[in-house]
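Source file final-v4.cif; content: mmCIF, C-alpha atoms.
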```
data_entry
#
loop_
_atom_site.group_PDB
_atom_site.id
_atom_site.type_symbol
_atom_site.label_atom_id
_atom_site.label_comp_id
_atom_site.auth_asym_id
_atom_site.auth_seq_id
_atom_site.Cartn_x
_atom_site.Cartn_y
_atom_site.Cartn_z
ATOM 1 C CA MET A 27 -77.150 36.961 70.962
ATOM 2 C CA ASP A 28 -80.089 38.902 69.523
ATOM 3 C CA THR A 29 -80.024 41.672 72.141
ATOM 4 C CA ASN A 30 -82.244 44.127 70.262
ATOM 5 C CA LYS A 31 -84.876 41.428 69.553
ATOM 6 C CA ASP A 32 -85.174 42.167 65.826
ATOM 7 C CA GLY A 33 -84.873 38.516 64.853
ATOM 8 C CA LYS A 34 -81.312 38.908 63.501
ATOM 9 C CA PHE A 35 -77.825 38.451 64.905
ATOM 10 C CA ASP A 36 -75.770 41.264 63.397
ATOM 11 C CA PHE A 37 -73.688 44.388 64.070
ATOM 12 C CA TYR A 38 -76.669 46.114 65.679
ATOM 13 C CA ASP A 39 -76.686 43.687 68.587
ATOM 14 C CA ASP A 40 -74.607 44.271 71.717
ATOM 15 C CA PRO A 41 -71.725 41.761 71.487
ATOM 16 C CA TYR A 42 -70.347 42.236 74.993
ATOM 17 C CA SER A 43 -72.867 43.045 77.738
ATOM 18 C CA PRO A 44 -74.575 39.619 77.905
ATOM 19 C CA TYR A 45 -71.229 38.036 78.779
ATOM 20 C CA TYR A 46 -69.917 40.629 81.237
ATOM 21 C CA PRO A 47 -69.984 39.354 84.849
ATOM 22 C CA GLY A 48 -70.050 42.849 86.400
ATOM 23 C CA ASP A 49 -67.630 45.518 87.576
ATOM 24 C CA ASN A 50 -67.224 43.884 90.987
ATOM 25 C CA TYR A 51 -65.631 40.856 89.324
ATOM 26 C CA VAL A 52 -63.448 42.583 86.721
ATOM 27 C CA ASP A 53 -60.169 44.464 87.232
ATOM 28 C CA TRP A 54 -59.098 44.850 83.588
ATOM 29 C CA VAL A 55 -60.885 44.554 80.259
ATOM 30 C CA GLY A 56 -59.239 43.635 76.983
ATOM 31 C CA LEU A 57 -59.776 42.957 73.322
ATOM 32 C CA SER A 58 -57.647 41.171 70.713
ATOM 33 C CA MET A 59 -57.094 42.998 67.424
ATOM 34 C CA TYR A 60 -55.210 41.777 64.362
ATOM 35 C CA HIS A 61 -54.254 43.178 60.990
ATOM 36 C CA GLY A 62 -55.889 41.105 58.292
ATOM 37 C CA GLN A 63 -59.136 40.252 60.082
ATOM 38 C CA PRO A 64 -62.643 41.708 59.705
ATOM 39 C CA PRO A 65 -63.137 45.038 61.507
ATOM 40 C CA MET A 66 -64.514 44.922 65.040
ATOM 41 C CA SER A 67 -66.259 47.597 67.064
ATOM 42 C CA SER A 68 -63.206 48.219 69.256
ATOM 43 C CA TYR A 69 -64.237 51.771 70.139
ATOM 44 C CA SER A 70 -67.576 50.449 71.354
ATOM 45 C CA PHE A 71 -65.742 48.057 73.664
ATOM 46 C CA TYR A 72 -63.436 50.792 74.944
ATOM 47 C CA GLN A 73 -66.348 53.167 75.534
ATOM 48 C CA MET A 74 -68.425 50.570 77.345
ATOM 49 C CA PHE A 75 -65.788 49.367 79.783
ATOM 50 C CA SER A 76 -63.048 52.015 79.927
ATOM 51 C CA GLY A 77 -65.052 55.107 79.029
ATOM 52 C CA ASP A 78 -68.505 56.179 80.186
ATOM 53 C CA GLY A 79 -70.078 52.726 80.280
ATOM 54 C CA ARG A 80 -72.032 53.091 77.046
ATOM 55 C CA GLY A 81 -71.671 51.901 73.483
ATOM 56 C CA PRO A 82 -73.611 52.573 70.271
ATOM 57 C CA ASN A 83 -75.700 49.397 70.571
ATOM 58 C CA VAL A 84 -76.180 49.389 74.349
ATOM 59 C CA THR A 85 -79.513 50.411 75.867
ATOM 60 C CA SER A 86 -78.783 49.378 79.464
ATOM 61 C CA PRO A 87 -75.093 49.741 80.438
ATOM 62 C CA VAL A 88 -73.731 46.865 82.483
ATOM 63 C CA SER A 89 -70.582 48.727 83.524
ATOM 64 C CA ARG A 90 -69.812 52.095 85.070
ATOM 65 C CA GLY A 91 -66.797 52.253 82.784
ATOM 66 C CA SER A 92 -63.360 53.544 83.784
ATOM 67 C CA LYS A 93 -61.728 50.102 83.771
ATOM 68 C CA PRO A 94 -58.111 49.928 82.599
ATOM 69 C CA PHE A 95 -58.026 48.560 79.063
ATOM 70 C CA MET A 96 -55.541 46.170 77.467
ATOM 71 C CA VAL A 97 -55.091 45.212 73.832
ATOM 72 C CA ALA A 98 -54.799 41.615 74.958
ATOM 73 C CA GLU A 99 -53.310 40.242 71.747
ATOM 74 C CA THR A 100 -52.248 41.939 68.542
ATOM 75 C CA ALA A 101 -50.019 41.512 65.498
ATOM 76 C CA ALA A 102 -49.730 42.400 61.838
ATOM 77 C CA THR A 103 -50.013 39.123 59.943
ATOM 78 C CA PHE A 104 -47.515 38.541 57.144
ATOM 79 C CA HIS A 105 -48.146 35.551 54.865
ATOM 80 C CA LEU A 106 -44.929 33.775 53.871
ATOM 81 C CA THR A 107 -45.766 30.656 51.839
ATOM 82 C CA PHE A 108 -48.743 28.550 50.843
ATOM 83 C CA LEU A 109 -49.010 25.302 52.790
ATOM 84 C CA SER A 110 -50.183 23.392 49.734
ATOM 85 C CA ASP A 111 -46.999 23.741 47.662
ATOM 86 C CA GLN A 112 -44.646 25.975 49.706
ATOM 87 C CA SER A 113 -44.749 28.667 47.020
ATOM 88 C CA ALA A 114 -44.302 32.264 48.151
ATOM 89 C CA VAL A 115 -47.276 34.504 48.826
ATOM 90 C CA ASN A 116 -47.235 37.908 47.118
ATOM 91 C CA PRO A 117 -45.448 40.059 49.752
ATOM 92 C CA GLY A 118 -47.233 43.291 48.866
ATOM 93 C CA PRO A 119 -45.358 46.230 50.392
ATOM 94 C CA GLY A 120 -43.209 43.815 52.424
ATOM 95 C CA MET A 121 -43.045 42.512 55.983
ATOM 96 C CA LEU A 122 -41.427 45.588 57.529
ATOM 97 C CA ALA A 123 -43.805 48.063 55.888
ATOM 98 C CA ILE A 124 -46.896 46.086 56.941
ATOM 99 C CA LYS A 125 -45.795 45.625 60.544
ATOM 100 C CA LYS A 126 -44.485 49.184 60.879
ATOM 101 C CA ALA A 127 -47.797 50.634 59.682
ATOM 102 C CA TRP A 128 -49.579 48.510 62.291
ATOM 103 C CA TRP A 129 -47.482 49.336 65.364
ATOM 104 C CA GLU A 130 -47.315 53.035 64.529
ATOM 105 C CA GLN A 131 -51.093 53.185 64.915
ATOM 106 C CA ILE A 132 -50.831 52.055 68.546
ATOM 107 C CA PHE A 133 -47.519 53.353 69.825
ATOM 108 C CA ASN A 134 -47.847 57.082 69.318
ATOM 109 C CA THR A 135 -48.707 60.025 71.550
ATOM 110 C CA ASN A 136 -51.956 60.885 69.739
ATOM 111 C CA PHE A 137 -53.311 57.390 70.328
ATOM 112 C CA LEU A 138 -52.401 57.484 74.008
ATOM 113 C CA ALA A 139 -53.971 60.915 74.443
ATOM 114 C CA LYS A 140 -57.197 59.862 72.707
ATOM 115 C CA PHE A 141 -57.597 56.666 74.728
ATOM 116 C CA PRO A 142 -56.161 57.428 78.188
ATOM 117 C CA LYS A 143 -57.535 54.264 79.792
ATOM 118 C CA ILE A 144 -55.502 52.014 77.494
ATOM 119 C CA LYS A 145 -52.800 50.752 79.821
ATOM 120 C CA GLY A 146 -51.364 47.693 78.099
ATOM 121 C CA VAL A 147 -50.638 46.041 74.773
ATOM 122 C CA CYS A 148 -49.547 42.420 74.218
ATOM 123 C CA THR A 149 -48.045 41.440 70.884
ATOM 124 C CA PHE A 150 -48.441 37.909 69.559
ATOM 125 C CA GLU A 151 -44.957 36.486 68.951
ATOM 126 C CA PHE A 152 -45.311 33.352 66.863
ATOM 127 C CA LYS A 153 -44.548 32.102 63.365
ATOM 128 C CA LYS A 154 -46.941 29.288 62.558
ATOM 129 C CA ASP A 155 -49.058 27.432 60.045
ATOM 130 C CA GLU A 156 -52.606 28.735 60.004
ATOM 131 C CA GLU A 157 -55.382 27.846 57.599
ATOM 132 C CA TYR A 158 -53.703 27.852 54.156
ATOM 133 C CA THR A 159 -50.420 29.749 54.736
ATOM 134 C CA VAL A 160 -47.339 29.974 56.926
ATOM 135 C CA ARG A 161 -47.786 33.220 58.847
ATOM 136 C CA GLU A 162 -45.253 35.496 60.521
ATOM 137 C CA PHE A 163 -46.833 37.323 63.435
ATOM 138 C CA ARG A 164 -43.649 38.285 65.276
ATOM 139 C CA SER A 165 -42.263 41.757 65.806
ATOM 140 C CA LEU A 166 -39.392 40.522 67.999
ATOM 141 C CA GLY A 167 -37.390 38.973 65.186
ATOM 142 C CA ASP A 168 -36.059 35.472 64.616
ATOM 143 C CA LYS A 169 -34.062 34.417 67.668
ATOM 144 C CA ASP A 170 -32.955 31.190 65.944
ATOM 145 C CA ALA A 171 -31.242 33.019 63.061
ATOM 146 C CA ASP A 172 -27.675 33.600 64.280
ATOM 147 C CA ASN A 173 -28.963 34.260 67.793
ATOM 148 C CA GLY A 174 -31.214 37.015 66.498
ATOM 149 C CA LYS A 175 -28.387 38.827 64.687
ATOM 150 C CA ALA A 176 -28.893 37.531 61.153
ATOM 151 C CA GLU A 177 -29.699 40.100 58.479
ATOM 152 C CA ASN A 178 -33.038 38.609 57.601
ATOM 153 C CA GLU A 179 -36.358 40.376 57.237
ATOM 154 C CA GLU A 180 -37.623 39.269 60.646
ATOM 155 C CA ASN A 181 -34.665 40.847 62.433
ATOM 156 C CA GLN A 182 -34.983 44.031 60.396
ATOM 157 C CA VAL A 183 -38.505 44.226 61.791
ATOM 158 C CA LEU A 184 -37.159 43.733 65.312
ATOM 159 C CA ARG A 185 -34.638 46.568 65.007
ATOM 160 C CA ALA A 186 -37.205 48.964 63.550
ATOM 161 C CA PHE A 187 -39.730 48.073 66.256
ATOM 162 C CA ARG A 188 -37.146 48.486 69.004
ATOM 163 C CA ASP A 189 -36.012 51.853 67.637
ATOM 164 C CA HIS A 190 -39.609 53.061 67.467
ATOM 165 C CA LEU A 191 -40.289 52.062 71.077
ATOM 166 C CA PHE A 192 -37.049 53.600 72.329
ATOM 167 C CA GLY A 193 -38.033 56.768 70.496
ATOM 168 C CA MET A 194 -41.014 57.098 72.844
ATOM 169 C CA GLY A 195 -38.575 57.823 75.676
ATOM 170 C CA ASN A 196 -39.813 57.464 79.241
ATOM 171 C CA GLN A 197 -43.289 56.465 78.106
ATOM 172 C CA ILE A 198 -41.920 52.925 77.997
ATOM 173 C CA VAL A 199 -40.456 50.850 80.824
ATOM 174 C CA TRP A 200 -38.943 47.475 79.969
ATOM 175 C CA ALA A 201 -39.696 44.765 82.502
ATOM 176 C CA THR A 202 -37.076 42.131 83.266
ATOM 177 C CA GLN A 203 -37.206 38.534 82.117
ATOM 178 C CA THR A 204 -37.088 35.710 84.658
ATOM 179 C CA GLY A 205 -36.361 32.317 83.150
ATOM 180 C CA LYS A 206 -38.546 31.001 80.355
ATOM 181 C CA ASP A 207 -41.777 32.344 81.803
ATOM 182 C CA THR A 208 -41.902 36.114 82.144
ATOM 183 C CA SER A 209 -44.392 38.700 83.334
ATOM 184 C CA SER A 210 -45.099 42.410 83.208
ATOM 185 C CA ALA A 211 -44.357 45.032 85.827
ATOM 186 C CA LEU A 212 -48.046 45.766 86.126
ATOM 187 C CA ALA A 213 -47.760 48.437 88.792
ATOM 188 C CA VAL A 214 -45.944 51.005 86.648
ATOM 189 C CA LYS A 215 -47.909 54.231 86.360
ATOM 190 C CA GLY A 216 -47.570 56.853 83.652
ATOM 191 C CA ALA A 217 -45.259 54.756 81.510
ATOM 192 C CA LEU A 218 -45.391 51.837 79.128
ATOM 193 C CA ALA A 219 -43.902 48.706 80.696
ATOM 194 C CA VAL A 220 -42.589 46.049 78.361
ATOM 195 C CA SER A 221 -42.066 42.370 78.990
ATOM 196 C CA VAL A 222 -42.360 39.028 77.302
ATOM 197 C CA ALA A 223 -45.106 36.748 78.559
ATOM 198 C CA GLY A 224 -45.050 32.999 78.089
ATOM 199 C CA THR A 225 -42.483 30.392 77.181
ATOM 200 C CA MET A 226 -39.951 31.250 74.474
ATOM 201 C CA LEU A 227 -41.109 34.784 73.705
ATOM 202 C CA ALA A 228 -44.777 33.957 73.250
ATOM 203 C CA SER A 229 -45.865 37.571 73.483
ATOM 204 C CA LEU A 230 -44.626 41.046 74.246
ATOM 205 C CA ALA A 231 -46.522 43.036 76.850
ATOM 206 C CA PHE A 232 -46.539 46.788 77.332
ATOM 207 C CA LEU A 233 -48.085 48.745 80.155
ATOM 208 C CA PHE A 234 -48.781 52.468 80.150
#
```
As structure tokens, the full file:
Amino acid sequence: MDTNKDGKFDFYDDPYSPYYPGDNYVDWVGLSMYHGQPPMSSYSFYQMFSGDGRGPNVTSPVSRGSKPFMVAETAATFHLTFLSDQSAVNPGPGMLAIKKAWWEQIFNTNFLAKFPKIKGVCTFEFKKDEEYTVREFRSLGDKDADNGKAENEENQVLRAFRDHLFGMGNQIVWATQTGKDTSSALAVKGALAVSVAGTMLASLAFLF
């Protein structure tokens, strides 16, 4: 929407306010962020709805701010093979290095101190065909490879991710799983609650 009325739809328009129903109707706000996609104005979103209610392209704030914020979906994409001929994609620095660099940006004390209203993070836990490649989004490993114990790259990622989260001590609380469909302990305060949401480990949810 051309919110600044300059005849163009671009970065200088407000991408959020026209679609916000109002603080009385919203309990949480969230934004999905992925490695490997064009940059988004995530700080603008945080500032508008979890900060002081303003953003760089907002002339009339639609929110008072101070809403709890969730990274609603996130993952570091790793391309495995091309769909056209099943040939391998250049791995670059490797699956573990790419995913580790991504999660270390979110799960660290400096990040939490800088953005105190961020209360939750959900990781996207799927391996799937998308566009022209087979893509590995998961950080929870490959549960089908020797019941998650195989020494493959996916399970190396899982162990490194788990060790990193455990290293954050009591900032993280792991929620319990109930059947195939699971949910977060959303009432935890001052800690990061962890659970898996959706059938067959669809996503991993954390709550600060």
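With the shown file loaded, the PyMOL selection byres ((chain A and resi 190) around 12) picks out Lys125, Lys126, Ala127, Trp129, Glu130, Gln131, Ile132, Phe133, Asn134, Ser165, Val183, Leu184, Arg185, Ala186, Phe187, Arg188, Asp189, Leu191, Phe192, Gly193, Met194, Gly195, Gln197 and Ile198 of chain A.
Those residues that approach range 82-92 of chain A to within 7 Å, counting all atoms listed in the file, are Tyr38, Asp39, Asp40, Ser43, Gly48, Asp49, Ser70, Met74, Phe75, Ser76 and Gly77 of chain A; same-chain residues fewer than 5 positions away are not listed.
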Between CA of Phe95 in chain A and CA of Ile144 in chain A - distance in Å to one decimal: 4.6 Å
To verify the selection step, state as a PyMOL selection string which residues the PyMOL selection byres ((chain A and resi 152) around 7) yields on this input. chain A and resi 150-151+153-154+162-164+228
Could the residues in this selection be written to a file with C-alpha atoms, as a PDB file, in the coordinates of the input?
```
ATOM      1  CA  PHE A 150     -48.441  37.909  69.559  1.00  0.00           C
ATOM      2  CA  GLU A 151     -44.957  36.486  68.951  1.00  0.00           C
ATOM      3  CA  LYS A 153     -44.548  32.102  63.365  1.00  0.00           C
ATOM      4  CA  LYS A 154     -46.941  29.288  62.558  1.00  0.00           C
ATOM      5  CA  GLU A 162     -45.253  35.496  60.521  1.00  0.00           C
ATOM      6  CA  PHE A 163     -46.833  37.323  63.435  1.00  0.00           C
ATOM      7  CA  ARG A 164     -43.649  38.285  65.276  1.00  0.00           C
ATOM      8  CA  ALA A 228     -44.777  33.957  73.250  1.00  0.00           C
TER       9      ALA A 228
END
```
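Here CA of Asp32 in chain A and CA of Pro47 in chain A stand 24.5 Å from one another.
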Looking at A:Met59, A:Val97, A:Ile124, A:Val52, which one is nearest to Lys145 in chain A, with distances taken over only C-alpha atoms?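 So, comparing all the options, the nearest one is A:Val97.
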Figure out the distance between CA of Gly81 in chain A and CA of Phe37 in chain A, please, to one decimal in Å.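 Between CA of Phe37 in chain A and CA of Gly81 in chain A the gap works out to 12.2 Å.
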For Gln112 in chain A: contacts at 12 Å, only C-alpha atoms, fewer than 3 positions along chain excluded, given as a list of chain:residue names: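 Answer for this query is A:His105, A:Leu106, A:Thr107, A:Phe108, A:Leu109, A:Val115, A:Asp155, A:Tyr158, A:Thr159, A:Val160.
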Pick from A:Arg161, A:Ala139, A:Met121, A:Trp128, whichever lies nearest to Asn181 in chain A using only C-alpha atoms: A:Met121
